[in-house]
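*Asks:* Dumping the structure here so I can ask a few things about it.
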Amino acid sequence: MISLQRRLAACIVALALTGAAVTAQAEKPVFEIEIRNHLFWPSELVIPAGTKVKLLVTNQDPTPEEFESYELNREKVIMGQRTAVIFIGPLAPGEYPFFGEFHPRTAQGRVIAK
Amino acid sequence: MLLTSVILVLREVLEAALLVSILSALSAVHGISRGWIGWALAGGFLAALGFGYSIDTVSVWFDGVGQEVSSAAMQFAIYLFMAVFIYLIRVPAGSGGRNAAVMKVVMAMIVALAVTREGFEVLVYLFGFFANLKQLLVILVGAGIGTGIGISTGALIYYLLRSAPRGWSQVTSLLLLVLVAAGLSSQAAQLLIQADWLPAQLPLWDSSSVIAEDSVTGQLLYALIGYESTPTAIQAGFYFGGAALMLMISASAWLYTRKYRHGT
């Protein structure tokens, strides 16, 4: 029983260390997008495939927006005049559409992983 | 704009409505009065207002991923209350386990937290249109329609569960609850991946060509069983682990009940 508990504890420690190592690895490349008049600028963003990137989305509008993408599995509310941090990837090469859920007609864009 | 509002509100209402219908069906089966629902909805609404109001502050926590972390924490809390609930509902009344008052509090917490988690997005969305009265009216009509469809779907599921024979109704409700809980657990993991607290991986599979997440079926399945078309190994692990843990808790309560019955 004790050995099982020890093994379990060792597993948890190992997992935690892996997590820490992953978090502590080199800084991720940063990409920026702006929301202006319920539009994404740029609406197409090219990022390296197979790499996790840090996306900074700045909402220049006074009203809130929600960054949403089924393909990227991302969803985040961004209040007016605020910048949100969204980590995306690593992605397989391809196109990943995203949209602003509060203004989906105009706020459309896509991430292209190359 | 009307359609956007309908869809957005419906998506959020559907998840909470589903939980309310499953828990009400189980309450009815076990003869627990359903007065807790009103309190839970009101409490959840107030908490959603508070959370929506403070989202600006919350968002900057943990280097900008406070929104993900607090949402994930709420999802895990709902899961935890569900685990307590699924245990309590399987042990007989009076055995030191089940107690109608405790169960009502647990169910109310599940619903209130779900309403907080889903409701804040709707409120932030609605408040964004407060400056524009004409748009706000359209948005409110859409929100009303979305809420109506969501509640009707919940009512339909409730009556389907209630129309089945008692045993079936109970087993189906509990299984649905296990699946909803599994979905919550994997959604929480997904939020932590988004926050970079859990490592990101390439998806295990892509079933979006079979059932797209933004289709009606996809949305229903998302609310019902936490459907995800491109899950990663970690998400799948949280999903199946979450389901297995709930089933184990339910089984242990059943074994305890058998022992208790044979003991007396």
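Chain labels run A, B, ... following the order of the structure tokens; each chain numbers its residues from 1, and ligands are numbered from 1 in the order shown.
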Would you kindly report the residues of chain A within 7 Å of chain B, using only C-alpha atoms, as a PyMOL selection string?
*Replies:* chain A and resi 19+22+63-64+70+74+79+84-91+102
*Asks:* Find the spatial neighbours of A:Thr58, counting only C-alpha atoms, within a cut-off of 10 Å - ignore same-chain residues fewer than 5 positions away - and output them as a PyMOL selection string.
*Replies:* chain A and resi 32-36+40-41+78-85
*Asks:* Ranking A:Gly100, A:Arg105, A:Ala92, A:Leu72 by minimum distance to A:Thr51 and counting only C-alpha atoms, which one comes first?
*Replies:*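 When distances to A:Thr51 are compared using only C-alpha atoms, the smallest one comes from A:Ala92.
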*Asks:* With only C-alpha atoms as the basis for distance, which of B:Leu175, B:Ala244, B:Ala112, B:Leu18 is at the shortest distance from B:Phe45?
*Replies:*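 Closest candidate: B:Ala112.
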*Asks:* Of the residues A:Lys52, A:Thr106, A:Asn73, A:Gln60, which is the one nearest to B:Tyr227, using only C-alpha atoms?
*Replies:*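 Looking at the shortest contact to B:Tyr227, the residue is A:Asn73.
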*Asks:* To one decimal in Å, tell me the separation between atom CA of A:Ser43 and atom CA of A:Lys114.
*Replies:*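 Answer for the atom CA of A:Ser43 to atom CA of A:Lys114 separation: 16.1 Å.
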*Asks:* Identify, on the basis of only C-alpha atoms, every residue whose closest approach to A:Val111 does not exceed 9 Å; exclude the query and any residue fewer than 3 positions from it along the same chain; express the result as a list of chain:residue names.
*Replies:*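 In the requested format, the answer is A:Ser43, A:Glu44, A:Leu45, A:Val46, A:Ile47, A:Leu72, A:Gly94, A:Glu95, A:Tyr96, A:Pro97, A:Phe98.
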*Asks:* Out of B:Phe81, B:Trp61, B:Tyr159, B:Tyr53, which residue has the shortest atom-to-atom distance to B:Leu123 when counting only C-alpha atoms?
*Replies:* B:Tyr53
*Asks:* Report the residues of stretch 10-247 of chain B whose backbone DSSP state falls under helix (DSSP H, G or I), written as a VMD selection string.
*Replies:* chain B and resid 10 to 29 36 to 53 55 to 59 61 to 64 66 to 88 100 to 127 133 to 163 166 to 194 216 to 225 233 to 247
*Asks:* Kindly give the distance, in Å, that separates atom CA of B:Leu3 and atom CA of A:Glu75, rounded to a single decimal.
*Replies:* 19.5 Å
*Asks:* For B:Arg162, which of B:Leu26, B:Ala48, B:Ala223, B:Leu140 is the closest residue, counting only C-alpha atoms?
*Replies:*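 Residue with the minimum atom-to-atom distance to B:Arg162: B:Leu26.
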